[in-house]
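Asks: Enclosed is the structure file work.cif (mmCIF, C-alpha atoms).
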```cif
data_final
#
loop_
_atom_site.label_atom_id
_atom_site.label_comp_id
_atom_site.auth_asym_id
_atom_site.auth_seq_id
_atom_site.Cartn_x
_atom_site.Cartn_y
_atom_site.Cartn_z
CA MET A 189 -45.31 -49.49 -25.27
CA THR A 190 -42.44 -48.86 -22.89
CA ILE A 191 -40.69 -45.56 -23.66
CA GLU A 192 -36.90 -45.83 -23.46
CA ASN A 193 -35.83 -43.26 -26.10
CA SER A 194 -32.45 -41.81 -25.10
CA ASN A 195 -33.41 -38.36 -26.39
CA GLY A 196 -37.11 -38.61 -25.73
CA LEU A 197 -39.59 -38.32 -22.91
CA PHE A 198 -37.45 -40.07 -20.31
CA SER A 199 -34.11 -38.52 -21.06
CA PRO A 200 -32.62 -36.02 -18.57
CA PHE A 201 -32.77 -32.31 -19.30
CA ARG A 202 -31.51 -29.21 -17.54
CA VAL A 203 -33.73 -26.13 -17.26
CA SER A 204 -32.16 -23.21 -15.45
CA GLU A 205 -31.03 -24.62 -12.10
CA MET A 206 -33.23 -27.71 -12.37
CA ASP A 207 -31.78 -31.09 -13.34
CA LEU A 208 -34.85 -32.86 -14.64
CA GLN A 209 -34.79 -36.65 -14.84
CA HIS A 210 -37.65 -36.79 -17.35
CA ARG A 211 -39.58 -34.44 -19.65
CA VAL A 212 -43.09 -35.05 -18.23
CA VAL A 213 -44.32 -31.76 -16.75
CA MET A 214 -47.44 -31.39 -14.64
CA ALA A 215 -49.42 -28.61 -16.32
CA PRO A 216 -51.05 -25.79 -14.34
CA LEU A 217 -54.53 -27.07 -13.48
CA THR A 218 -57.21 -24.95 -11.84
CA ARG A 219 -58.89 -27.25 -9.28
CA MET A 220 -60.42 -24.69 -6.84
CA ARG A 221 -59.68 -26.50 -3.57
CA ALA A 222 -58.20 -23.53 -1.69
CA ASN A 223 -60.02 -21.97 1.26
CA GLN A 224 -62.94 -20.06 -0.29
CA ASP A 225 -62.78 -17.23 2.25
CA THR A 226 -59.04 -16.62 2.33
CA ASP A 227 -57.58 -18.15 -0.87
CA VAL A 228 -55.08 -19.96 1.38
CA PRO A 229 -53.88 -23.33 0.02
CA THR A 230 -55.28 -26.23 2.05
CA ASP A 231 -53.90 -29.47 3.44
CA LEU A 232 -55.88 -31.22 0.72
CA MET A 233 -53.84 -29.31 -1.85
CA LEU A 234 -50.68 -30.33 -0.01
CA ARG A 235 -51.67 -33.97 -0.38
CA TYR A 236 -52.57 -33.51 -4.05
CA TYR A 237 -49.25 -31.98 -5.08
CA THR A 238 -47.22 -34.35 -2.90
CA GLN A 239 -48.86 -37.30 -4.66
CA ARG A 240 -47.79 -35.97 -8.06
CA ALA A 241 -44.22 -34.97 -7.21
CA THR A 242 -41.49 -37.16 -8.70
CA PRO A 243 -37.69 -37.13 -8.40
CA GLY A 244 -36.39 -34.71 -11.02
CA GLY A 245 -39.90 -33.84 -12.22
CA LEU A 246 -41.37 -30.36 -12.73
CA ILE A 247 -44.78 -29.29 -11.43
CA ILE A 248 -46.29 -25.98 -12.51
CA SER A 249 -48.84 -24.91 -9.93
CA GLU A 250 -52.43 -24.11 -10.69
CA ALA A 251 -53.14 -20.50 -11.63
CA THR A 252 -52.61 -18.41 -8.50
CA THR A 253 -54.15 -14.99 -8.13
CA ILE A 254 -51.94 -12.00 -7.44
CA THR A 255 -54.70 -9.74 -6.09
CA PRO A 256 -57.91 -10.22 -4.08
CA ASP A 257 -59.56 -7.40 -6.04
CA ASN A 258 -59.85 -9.14 -9.42
CA LYS A 259 -60.89 -12.77 -9.03
CA GLY A 260 -62.93 -14.98 -11.30
CA TYR A 261 -62.86 -18.38 -9.63
CA LEU A 262 -63.94 -19.01 -6.05
CA GLY A 263 -61.59 -21.50 -4.44
CA ALA A 264 -58.53 -20.63 -6.52
CA PRO A 265 -55.44 -20.01 -4.36
CA GLY A 266 -53.67 -16.68 -3.88
CA ILE A 267 -50.13 -15.39 -3.45
CA TYR A 268 -50.90 -11.89 -2.15
CA ASN A 269 -50.45 -12.29 1.63
CA GLU A 270 -48.23 -13.99 4.17
CA ALA A 271 -50.73 -16.67 5.19
CA GLN A 272 -50.75 -17.88 1.60
CA VAL A 273 -46.95 -17.83 1.52
CA ALA A 274 -46.83 -20.03 4.63
CA ALA A 275 -49.29 -22.53 3.17
CA TRP A 276 -47.51 -22.69 -0.18
CA SER A 277 -44.21 -23.23 1.69
CA LYS A 278 -45.54 -26.52 3.08
CA ILE A 279 -46.33 -27.62 -0.47
CA THR A 280 -42.96 -26.67 -1.97
CA ASP A 281 -41.19 -28.33 0.97
CA ALA A 282 -43.09 -31.55 0.29
CA VAL A 283 -42.35 -31.47 -3.44
CA HIS A 284 -38.67 -30.84 -2.76
CA ALA A 285 -38.57 -33.65 -0.19
CA LYS A 286 -39.52 -36.05 -3.01
CA GLY A 287 -36.78 -34.63 -5.22
CA GLY A 288 -39.11 -32.61 -7.42
CA TYR A 289 -39.27 -29.00 -8.58
CA MET A 290 -42.17 -26.55 -8.60
CA TYR A 291 -42.95 -23.28 -10.38
CA LEU A 292 -45.81 -21.00 -9.34
CA GLN A 293 -48.12 -19.69 -12.07
CA LEU A 294 -48.91 -15.98 -11.56
CA TRP A 295 -52.48 -15.11 -12.54
CA HIS A 296 -54.50 -11.96 -13.09
CA THR A 297 -57.94 -12.80 -14.49
CA GLY A 298 -58.69 -9.39 -16.03
CA ARG A 299 -62.14 -9.21 -17.58
CA THR A 300 -63.05 -12.80 -16.60
CA ALA A 301 -63.62 -11.79 -12.96
CA HIS A 302 -66.69 -11.10 -10.83
CA SER A 303 -67.16 -8.31 -8.31
CA ASP A 304 -68.89 -10.62 -5.80
CA ILE A 305 -65.60 -12.42 -5.09
CA SER A 306 -63.34 -9.40 -5.69
CA ASN A 307 -64.14 -7.28 -2.63
CA GLY A 308 -66.81 -5.51 -4.66
CA HIS A 309 -64.30 -4.20 -7.21
CA THR A 310 -65.17 -3.96 -10.89
CA PRO A 311 -62.90 -6.18 -13.00
CA VAL A 312 -60.26 -4.42 -15.09
CA ALA A 313 -59.19 -5.05 -18.68
CA PRO A 314 -57.25 -3.39 -21.49
CA SER A 315 -60.50 -2.11 -22.99
CA GLU A 316 -64.23 -2.08 -22.33
CA VAL A 317 -65.08 -4.78 -24.86
CA PRO A 318 -68.27 -6.83 -24.38
CA TYR A 319 -67.50 -10.25 -22.94
CA ASP A 320 -70.01 -13.03 -22.33
CA GLY A 321 -67.88 -15.49 -20.37
CA LEU A 322 -68.55 -16.94 -16.94
CA ALA A 323 -67.00 -16.59 -13.49
CA TYR A 324 -67.39 -19.03 -10.59
CA THR A 325 -68.87 -17.54 -7.40
CA LYS A 326 -70.85 -18.78 -4.39
CA ASN A 327 -73.82 -18.78 -6.76
CA GLY A 328 -72.04 -21.13 -9.16
CA TRP A 329 -71.13 -20.25 -12.74
CA VAL A 330 -72.50 -16.78 -13.50
CA PRO A 331 -71.80 -14.11 -16.15
CA ALA A 332 -68.61 -12.16 -15.42
CA THR A 333 -69.02 -8.59 -14.20
CA PRO A 334 -68.54 -6.09 -17.09
CA ALA A 335 -64.98 -4.80 -16.90
CA ARG A 336 -63.67 -1.25 -17.04
CA GLU A 337 -60.59 -0.06 -18.92
CA LEU A 338 -57.35 0.37 -17.00
CA SER A 339 -55.76 3.80 -17.06
CA GLU A 340 -52.11 3.92 -18.05
CA ARG A 341 -51.18 4.65 -14.44
CA GLU A 342 -53.17 1.62 -13.28
CA VAL A 343 -51.39 -0.57 -15.82
CA GLY A 344 -48.17 0.23 -13.99
CA GLU A 345 -49.81 -0.63 -10.67
CA VAL A 346 -50.82 -4.05 -12.01
CA VAL A 347 -47.24 -4.67 -13.11
CA GLU A 348 -46.20 -3.98 -9.52
CA LEU A 349 -48.69 -6.61 -8.35
CA TYR A 350 -46.75 -9.16 -10.39
CA ARG A 351 -43.50 -7.97 -8.83
CA ALA A 352 -44.92 -8.27 -5.29
CA ALA A 353 -46.34 -11.73 -6.03
CA SER A 354 -42.92 -12.77 -7.35
CA VAL A 355 -41.32 -11.72 -4.06
CA ARG A 356 -43.83 -13.83 -2.14
CA ALA A 357 -43.34 -16.82 -4.46
CA LEU A 358 -39.61 -16.64 -3.79
CA ALA A 359 -40.29 -16.56 -0.05
CA ALA A 360 -42.62 -19.58 -0.41
CA GLY A 361 -39.79 -21.72 -1.73
CA PHE A 362 -40.75 -22.10 -5.38
CA ASP A 363 -38.02 -22.83 -7.92
CA GLY A 364 -39.37 -20.16 -10.25
CA VAL A 365 -42.58 -18.60 -11.53
CA GLU A 366 -44.63 -18.71 -14.72
CA ILE A 367 -46.50 -15.68 -16.07
CA HIS A 368 -49.94 -16.81 -17.22
CA SER A 369 -50.28 -15.03 -20.55
CA ALA A 370 -52.60 -17.59 -22.13
CA ASN A 371 -56.27 -18.61 -22.25
CA GLY A 372 -57.76 -15.12 -22.28
CA TYR A 373 -56.44 -13.76 -18.97
CA LEU A 374 -55.05 -10.25 -18.53
CA PRO A 375 -51.70 -10.41 -20.39
CA ASP A 376 -53.38 -12.32 -23.23
CA GLN A 377 -56.16 -9.70 -23.28
CA PHE A 378 -53.50 -7.05 -23.87
CA LEU A 379 -51.85 -9.07 -26.65
CA GLN A 380 -54.85 -9.77 -28.87
CA ASP A 381 -56.75 -7.08 -30.74
CA LYS A 382 -60.15 -8.66 -30.18
CA SER A 383 -59.86 -7.59 -26.54
CA ASN A 384 -57.38 -4.69 -26.79
CA ARG A 385 -58.76 -1.54 -28.46
CA ARG A 386 -56.51 0.93 -26.65
CA GLU A 387 -54.99 3.95 -28.38
CA ASP A 388 -52.11 4.60 -25.99
CA ARG A 389 -48.68 2.95 -25.69
CA TYR A 390 -50.33 -0.34 -24.66
CA GLY A 391 -52.61 -0.65 -27.69
CA GLY A 392 -52.78 -0.43 -31.44
CA SER A 393 -49.63 -1.90 -32.98
CA ILE A 394 -48.34 -5.39 -32.20
CA GLU A 395 -45.34 -3.82 -30.50
CA ASN A 396 -47.57 -1.75 -28.23
CA ARG A 397 -49.88 -4.65 -27.39
CA THR A 398 -46.85 -6.73 -26.40
CA ARG A 399 -45.60 -4.01 -24.04
CA PHE A 400 -47.65 -5.05 -21.00
CA LEU A 401 -46.36 -8.63 -21.07
CA LEU A 402 -42.79 -7.40 -21.47
CA ASP A 403 -43.24 -4.98 -18.56
CA VAL A 404 -44.51 -7.85 -16.41
CA ALA A 405 -41.60 -10.04 -17.53
CA ALA A 406 -39.13 -7.32 -16.56
CA ALA A 407 -40.78 -6.93 -13.14
CA VAL A 408 -40.65 -10.68 -12.49
CA LYS A 409 -37.05 -10.89 -13.71
CA SER A 410 -36.08 -8.10 -11.30
CA VAL A 411 -37.01 -10.47 -8.47
CA TRP A 412 -35.99 -13.87 -9.83
CA GLY A 413 -33.13 -13.00 -12.16
CA ALA A 414 -32.46 -14.49 -15.57
CA ASN A 415 -33.66 -17.99 -16.43
CA ARG A 416 -35.84 -18.42 -13.33
CA TYR A 417 -39.21 -17.56 -14.85
CA GLY A 418 -41.34 -18.74 -17.76
CA VAL A 419 -44.27 -17.48 -19.81
CA ARG A 420 -47.33 -19.41 -20.98
CA LEU A 421 -48.92 -18.50 -24.35
CA SER A 422 -51.87 -19.89 -26.31
CA PRO A 423 -51.31 -18.67 -29.89
CA SER A 424 -54.16 -20.75 -31.32
CA GLY A 425 -56.58 -20.35 -28.42
CA THR A 426 -60.10 -18.93 -28.56
CA PHE A 427 -61.05 -19.71 -24.94
CA ASN A 428 -62.56 -16.77 -23.02
CA GLY A 429 -63.56 -15.04 -26.24
CA MET A 430 -60.03 -14.45 -27.54
CA GLY A 431 -58.86 -13.80 -31.08
CA ASP A 432 -56.57 -11.63 -33.17
CA SER A 433 -56.67 -10.30 -36.73
CA ASP A 434 -53.13 -11.60 -37.44
CA PRO A 435 -52.19 -14.18 -34.82
CA GLU A 436 -49.11 -15.48 -36.65
CA ALA A 437 -47.51 -12.04 -36.87
CA LEU A 438 -48.49 -11.28 -33.25
CA PHE A 439 -47.09 -14.43 -31.68
CA ASP A 440 -43.99 -14.45 -33.89
CA HIS A 441 -43.26 -11.00 -32.48
CA VAL A 442 -44.03 -12.07 -28.92
CA ALA A 443 -41.75 -15.11 -29.21
CA HIS A 444 -38.97 -12.96 -30.68
CA ARG A 445 -39.20 -10.39 -27.90
CA LEU A 446 -39.38 -13.03 -25.16
CA ASP A 447 -36.35 -14.73 -26.68
CA GLN A 448 -34.42 -11.60 -25.62
CA HIS A 449 -35.64 -11.74 -22.01
CA GLU A 450 -33.65 -14.76 -20.71
CA LEU A 451 -36.60 -16.98 -19.79
CA ALA A 452 -36.20 -20.41 -18.25
CA TYR A 453 -38.75 -21.65 -20.80
CA LEU A 454 -41.69 -20.73 -23.00
CA HIS A 455 -44.84 -22.77 -22.39
CA VAL A 456 -46.97 -23.09 -25.54
CA VAL A 457 -50.56 -24.33 -25.44
CA GLU A 458 -51.69 -26.16 -28.55
CA PRO A 459 -55.33 -26.68 -29.56
CA ARG A 460 -56.74 -29.82 -27.95
CA VAL A 461 -56.59 -31.57 -31.33
CA ILE A 462 -52.96 -30.83 -32.00
CA GLY A 463 -51.20 -30.07 -35.19
CA SER A 464 -51.28 -31.20 -38.77
CA MET A 465 -49.51 -33.89 -40.76
CA ASP A 466 -46.03 -33.25 -42.13
CA VAL A 467 -44.66 -34.78 -45.32
CA GLU A 468 -43.83 -38.02 -43.50
CA GLY A 469 -47.33 -38.32 -42.05
CA MET A 470 -46.37 -37.49 -38.46
CA GLU A 471 -48.62 -35.17 -36.52
CA GLN A 472 -46.92 -31.83 -35.82
CA PRO A 473 -47.95 -29.25 -33.18
CA ILE A 474 -48.59 -26.07 -35.15
CA ALA A 475 -47.76 -23.32 -32.66
CA THR A 476 -44.81 -25.10 -31.06
CA THR A 477 -43.22 -25.89 -34.41
CA ARG A 478 -43.50 -22.28 -35.56
CA ILE A 479 -42.21 -20.79 -32.30
CA ARG A 480 -39.31 -23.26 -32.16
CA LYS A 481 -37.81 -21.43 -35.17
CA ILE A 482 -37.78 -18.17 -33.20
CA PHE A 483 -37.34 -19.01 -29.52
CA ARG A 484 -33.98 -20.53 -28.55
CA ALA A 485 -34.50 -21.40 -24.86
CA PRO A 486 -36.43 -24.51 -23.72
CA ILE A 487 -40.02 -24.93 -24.90
CA ILE A 488 -42.77 -26.79 -23.07
CA SER A 489 -45.61 -27.91 -25.33
CA ALA A 490 -49.08 -28.67 -23.94
CA GLY A 491 -52.34 -29.82 -25.45
CA GLY A 492 -53.76 -33.28 -26.09
CA PHE A 493 -50.53 -35.28 -25.89
CA ASP A 494 -50.28 -38.93 -25.00
CA GLY A 495 -46.98 -40.65 -24.25
CA ALA A 496 -46.16 -41.59 -27.84
CA LYS A 497 -46.94 -38.14 -29.25
CA ALA A 498 -44.97 -36.48 -26.46
CA ASP A 499 -41.99 -38.70 -27.15
CA ALA A 500 -42.22 -37.88 -30.85
CA VAL A 501 -42.37 -34.10 -30.42
CA ILE A 502 -39.35 -34.18 -28.13
CA GLY A 503 -37.48 -36.45 -30.51
CA SER A 504 -38.21 -34.04 -33.37
CA GLY A 505 -36.67 -31.15 -31.41
CA ASP A 506 -39.78 -28.97 -31.64
CA ALA A 507 -40.27 -29.12 -27.86
CA ASP A 508 -38.00 -29.95 -24.95
CA LEU A 509 -40.67 -30.89 -22.41
CA VAL A 510 -44.36 -31.78 -22.59
CA ALA A 511 -47.01 -30.71 -20.08
CA PHE A 512 -49.85 -33.09 -19.28
CA GLY A 513 -53.11 -31.90 -17.75
CA ARG A 514 -56.17 -34.14 -17.55
CA SER A 515 -54.10 -37.33 -17.49
CA PHE A 516 -52.09 -35.96 -14.53
CA ILE A 517 -55.35 -35.22 -12.72
CA ALA A 518 -56.37 -38.88 -12.89
CA ASN A 519 -52.91 -40.43 -12.59
CA PRO A 520 -50.78 -39.15 -9.71
CA ASP A 521 -47.99 -41.46 -10.91
CA LEU A 522 -48.30 -40.44 -14.58
CA PRO A 523 -44.55 -40.45 -15.41
CA GLU A 524 -44.20 -43.99 -14.10
CA ARG A 525 -47.24 -45.15 -16.08
CA LEU A 526 -46.00 -43.52 -19.29
CA ARG A 527 -42.56 -45.05 -18.87
CA ALA A 528 -44.09 -48.52 -18.40
CA GLY A 529 -46.72 -48.14 -21.11
CA ALA A 530 -49.35 -48.90 -18.48
CA ALA A 531 -53.05 -48.13 -18.78
CA LEU A 532 -54.21 -44.75 -17.45
CA ASN A 533 -57.02 -44.12 -15.00
CA PRO A 534 -59.97 -42.32 -16.65
CA TYR A 535 -60.61 -38.82 -15.34
CA HIS A 536 -63.92 -37.61 -13.91
CA ARG A 537 -64.77 -34.26 -15.46
CA ASP A 538 -67.49 -33.38 -12.96
CA THR A 539 -64.87 -33.23 -10.18
CA PHE A 540 -62.41 -30.95 -12.00
CA TYR A 541 -63.52 -27.66 -10.40
CA GLY A 542 -64.12 -27.45 -6.68
CA GLY A 543 -65.26 -30.10 -4.26
CA ASP A 544 -63.49 -32.40 -1.83
CA GLU A 545 -61.22 -35.45 -2.01
CA LYS A 546 -63.35 -37.14 -4.67
CA GLY A 547 -61.69 -36.89 -8.06
CA TYR A 548 -58.78 -35.04 -6.47
CA VAL A 549 -56.61 -37.23 -4.23
CA ASP A 550 -58.42 -40.58 -4.51
CA TYR A 551 -57.19 -41.77 -7.91
CA PRO A 552 -55.27 -45.06 -7.51
CA PHE A 553 -51.55 -45.41 -8.10
CA MET A 554 -50.40 -48.04 -10.56
CA GLN A 555 -48.99 -50.37 -7.91
CA SER A 556 -52.09 -50.21 -5.71
CA ALA A 557 -54.37 -50.76 -8.71
CA ALA A 558 -52.34 -53.83 -9.72
CA ALA A 559 -52.55 -55.20 -6.19
CA GLN A 560 -56.31 -54.81 -6.19
#
```
Please re-express this file's structure in structure tokens.

Replies:
Amino acid sequence: MTIENSNGLFSPFRVSEMDLQHRVVMAPLTRMRANQDTDVPTDLMLRYYTQRATPGGLIISEATTITPDNKGYLGAPGIYNEAQVAAWSKITDAVHAKGGYMYLQLWHTGRTAHSDISNGHTPVAPSEVPYDGLAYTKNGWVPATPARELSEREVGEVVELYRAASVRALAAGFDGVEIHSANGYLPDQFLQDKSNRREDRYGGSIENRTRFLLDVAAAVKSVWGANRYGVRLSPSGTFNGMGDSDPEALFDHVAHRLDQHELAYLHVVEPRVIGSMDVEGMEQPIATTRIRKIFRAPIISAGGFDGAKADAVIGSGDADLVAFGRSFIANPDLPERLRAGAALNPYHRDTFYGGDEKGYVDYPFMQSAAAQ
């Protein structure tokens, strides 16, 4: 099926200062190909992102750590020193040279970290709640180091880490930044009461648990200004041991408060099997549909979409853009393939995290595959 819908996946759309020519967004994808000793992006990463850049298309970078003292994934890139800024600048220059746009995803792993790759530091979290997840170190996937609770003063220091990372992202030539507040990382840990048992101004009520994310948003906005930053949420997610006693009330409140913060967009992660059927029998993304009623700025929806479903959700008005993950890993020319209704390359799961060129920059483009 060739997608030609005038208000669908291949219609133009303006987000902040970006004139997008299509609605296919490359989702943030942790691939762990940065230098393992320095967290500096590599030339292999440059090639990877350049392959996937398209005129008028938006790429959201992989999760990028804002501090060397709280890391959970060996080989993930950083944005906490000037060498990393210089390496990221090569990547943003290449994306811009192809007419594309790129946001950097700001990442603090919180309790999912390991001291072996964090300069010996104990991971920090909202509360000392038992967590049985894994971190990736030189010894492979191992249990995360038990985290300690942040003091209120330290919470403010972490907010400043986001501000400093935002300054470096601006210097590296990104078009904006995205706060990673999904998938069980630090801002998400503050939001949900399964991981936040605090009794101070950052815990307890929904309003208090939302405070950390709003503080981070204000810090980022102080650098980038209005409409130059986004936030990623996973209202239905249980990854990394997450959960909340009243998720609908929590994320309704979060969406309402973020609606007042002049974001470029809100990025909503759906469960991998998305949505439920509406009265007409069309599959509807649950979280995106609910948040659309609250949040007025652009919404990116992510989670299990193919071209037809993405076109439908945009046509319905529930989302403005759709982020693709695994299919963008295996198809560097994904927008072109979706537009043409062409077959997609299968992805190789065993090459997702870490490694070399295999399963990273060696997937064939549509034209080269046809020639073969």

Asks: Within 9 Å of stretch 359-376 of chain A, which residues of stretch 405-434 of chain A show up? Give each one with its shortest atom-to-atom distance in Å (one decimal) and the two atoms involved, counting only C-alpha atoms, rows by chain then rising residue number, as JSON lines.

Replies:
```
{"residue": "A:Ala405", "atom": "CA", "partner": "A:Ile367", "partner_atom": "CA", "distance": 7.6}
{"residue": "A:Val408", "atom": "CA", "partner": "A:Val365", "partner_atom": "CA", "distance": 8.2}
{"residue": "A:Trp412", "atom": "CA", "partner": "A:Gly364", "partner_atom": "CA", "distance": 7.2}
{"residue": "A:Asn415", "atom": "CA", "partner": "A:Gly364", "partner_atom": "CA", "distance": 8.7}
{"residue": "A:Arg416", "atom": "CA", "partner": "A:Gly364", "partner_atom": "CA", "distance": 5.0}
{"residue": "A:Tyr417", "atom": "CA", "partner": "A:Val365", "partner_atom": "CA", "distance": 4.8}
{"residue": "A:Gly418", "atom": "CA", "partner": "A:Glu366", "partner_atom": "CA", "distance": 4.5}
{"residue": "A:Val419", "atom": "CA", "partner": "A:Ile367", "partner_atom": "CA", "distance": 4.7}
{"residue": "A:Arg420", "atom": "CA", "partner": "A:His368", "partner_atom": "CA", "distance": 5.3}
{"residue": "A:Leu421", "atom": "CA", "partner": "A:Ala370", "partner_atom": "CA", "distance": 4.4}
{"residue": "A:Ser422", "atom": "CA", "partner": "A:Ala370", "partner_atom": "CA", "distance": 4.8}
{"residue": "A:Pro423", "atom": "CA", "partner": "A:Ala370", "partner_atom": "CA", "distance": 7.9}
{"residue": "A:Gly425", "atom": "CA", "partner": "A:Asn371", "partner_atom": "CA", "distance": 6.4}
{"residue": "A:Thr426", "atom": "CA", "partner": "A:Asn371", "partner_atom": "CA", "distance": 7.4}
{"residue": "A:Phe427", "atom": "CA", "partner": "A:Asn371", "partner_atom": "CA", "distance": 5.6}
{"residue": "A:Asn428", "atom": "CA", "partner": "A:Gly372", "partner_atom": "CA", "distance": 5.1}
{"residue": "A:Gly429", "atom": "CA", "partner": "A:Gly372", "partner_atom": "CA", "distance": 7.0}
{"residue": "A:Met430", "atom": "CA", "partner": "A:Gly372", "partner_atom": "CA", "distance": 5.8}
{"residue": "A:Gly431", "atom": "CA", "partner": "A:Gly372", "partner_atom": "CA", "distance": 9.0}
```

Asks: I'd like to know which of A:Tyr268, A:Tyr453, A:Tyr237, A:Tyr551 is closest to A:Arg202, using only C-alpha atoms.

Replies: A:Tyr453

Asks: Determine the residue membership of the PyMOL selection byres ((chain A and resi 229) around 8) for the file above and supply it as a PyMOL selection string.

Replies: chain A and resi 221-223+227-228+230-231+233-234+265-266+272+275-276

Asks: Rounded to one decimal place, report the atom CA of A:Val510-atom CA of A:Lys481 distance in Å.

Replies: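 For atom CA of A:Val510 relative to atom CA of A:Lys481, the distance reads 17.6 Å.
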
Asks: Running the PyMOL selection byres ((chain A and resi 434) around 12) on this model by hand, what would come out? Give it as a ChimeraX atom specification.

Replies: /A:379-382,393-394,423-424,431-433,435-441

Asks: Could you spell out the hits of the PyMOL selection byres ((chain A and resi 534) around 10) on the shown file, as a list in words?

Replies: Arg514, Ser515, Ile517, Ala518, Asn519, Ala531, Leu532, Asn533, Tyr535, His536, Arg537 and Tyr551 of chain A

Asks: Keeping only C-alpha atoms, take the residues you just selected and write them out as a PDB file, in the frame of the given file.

Replies:
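Here's the written file result13.pdb:
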```pdb
ATOM      1  CA  ARG A 514     -56.170 -34.140 -17.550  1.00  0.00           C
ATOM      2  CA  SER A 515     -54.100 -37.330 -17.490  1.00  0.00           C
ATOM      3  CA  ILE A 517     -55.350 -35.220 -12.720  1.00  0.00           C
ATOM      4  CA  ALA A 518     -56.370 -38.880 -12.890  1.00  0.00           C
ATOM      5  CA  ASN A 519     -52.910 -40.430 -12.590  1.00  0.00           C
ATOM      6  CA  ALA A 531     -53.050 -48.130 -18.780  1.00  0.00           C
ATOM      7  CA  LEU A 532     -54.210 -44.750 -17.450  1.00  0.00           C
ATOM      8  CA  ASN A 533     -57.020 -44.120 -15.000  1.00  0.00           C
ATOM      9  CA  TYR A 535     -60.610 -38.820 -15.340  1.00  0.00           C
ATOM     10  CA  HIS A 536     -63.920 -37.610 -13.910  1.00  0.00           C
ATOM     11  CA  ARG A 537     -64.770 -34.260 -15.460  1.00  0.00           C
ATOM     12  CA  TYR A 551     -57.190 -41.770  -7.910  1.00  0.00           C
TER      13      TYR A 551
END
```

Asks: Atom CA of A:Ser315 and atom CA of A:Glu345 are how many Å apart?

Replies: 16.4 Å

Asks: Which is closer to A:Lys286 than all the others in A:Gly245, A:Pro256, A:Pro331, A:Gly321, using only C-alpha atoms?

Replies: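 Of A:Gly245, A:Pro256, A:Pro331, A:Gly321, the one nearest A:Lys286 is A:Gly245, counting only C-alpha atoms.
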
Asks: Measuring atom to atom with only C-alpha atoms, identify which of A:Ala313, A:Gln293, A:Asn396, A:Val457 is nearest to A:Glu342.

Replies: A:Ala313

Asks: Show me, as lines of an AutoDock Vina configuration file, the centre and edge lengths in Å to one decimal of the axis-aligned box that covers every listed atom of stretch 243-253 of chain A with 8 Å on each side.

Replies:
```
center_x = -45.3
center_y = -26.1
center_z = -10.4
size_x = 33.8
size_y = 38.1
size_z = 20.6
```

Asks: From the set A:Arg525, A:Glu337, A:Tyr289, A:Ser303, which residue has the shortest atom-to-atom contact distance to A:Glu205, counting only C-alpha atoms?

Replies: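 So, comparing all the options, the nearest one is A:Tyr289.
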
Asks: Could you state the separation of atom CA of A:Val213 and atom CA of A:Ala528 in Å, given to one decimal place?

Replies: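 Atom CA of A:Val213 sits 16.8 Å away from atom CA of A:Ala528.
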
Asks: Give me the residues within 6 Å of A:Asp257 as a VMD selection string, counting all atoms listed in the file and dropping any in the same chain fewer than 2 places off.

Replies: chain A and resid 255 306 to 307 309

Asks: Restricting the calculation to all atoms listed in the file, which member of A:Arg385, A:Ala407, A:Ala511, A:Phe553 is positioned closest to A:Ser249?

Replies: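 The shortest atom-to-atom distance to A:Ser249 comes from A:Ala511.
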
Asks: (-43.4, -28.3, -26.0) in this file's frame - what residues fall within 12 Å of it? Use all atoms listed in the file and give the answer as a VMD selection string.

Replies: chain A and resid 197 211 to 213 215 420 to 422 453 to 458 462 472 to 480 483 485 to 493 497 to 512

Asks: Could you tell me, as a ChimeraX atom specification, which residues have any atom at most 6 Å from (-40.5, -17.2, -29.1), counting only C-alpha atoms?

Replies: /A:443-444,446-447,479,482-483

Asks: Restricting the calculation to all atoms listed in the file, which member of A:Pro311, A:Gly298, A:Gly196, A:Gly391 is positioned closest to A:Arg336?

Replies: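 With all atoms listed in the file as the atom set, the closest residue is A:Pro311.
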
Asks: Taking N, CA, C and O atoms as the atom set, what does stretch 431-435 of chain A look like once completed, written as a compact mmCIF listing (two decimals), keeping the file's coordinate frame?

Replies:
```txt
# COMPACT_ATOMS: atom_id res chain seq x y z
N GLY A 431 -59.12 -13.74 -29.65
CA GLY A 431 -58.86 -13.80 -31.08
C GLY A 431 -58.05 -12.59 -31.52
O GLY A 431 -58.03 -11.56 -30.84
N ASP A 432 -57.38 -12.72 -32.64
CA ASP A 432 -56.57 -11.63 -33.17
C ASP A 432 -56.68 -11.62 -34.69
O ASP A 432 -56.85 -12.67 -35.32
N SER A 433 -56.54 -10.44 -35.28
CA SER A 433 -56.67 -10.30 -36.73
C SER A 433 -55.48 -10.90 -37.47
O SER A 433 -55.60 -11.26 -38.65
N ASP A 434 -54.33 -11.03 -36.81
CA ASP A 434 -53.13 -11.60 -37.44
C ASP A 434 -52.32 -12.34 -36.38
O ASP A 434 -51.25 -11.91 -35.97
N PRO A 435 -52.84 -13.49 -35.95
CA PRO A 435 -52.19 -14.18 -34.82
C PRO A 435 -50.76 -14.64 -35.12
O PRO A 435 -49.92 -14.64 -34.22
```
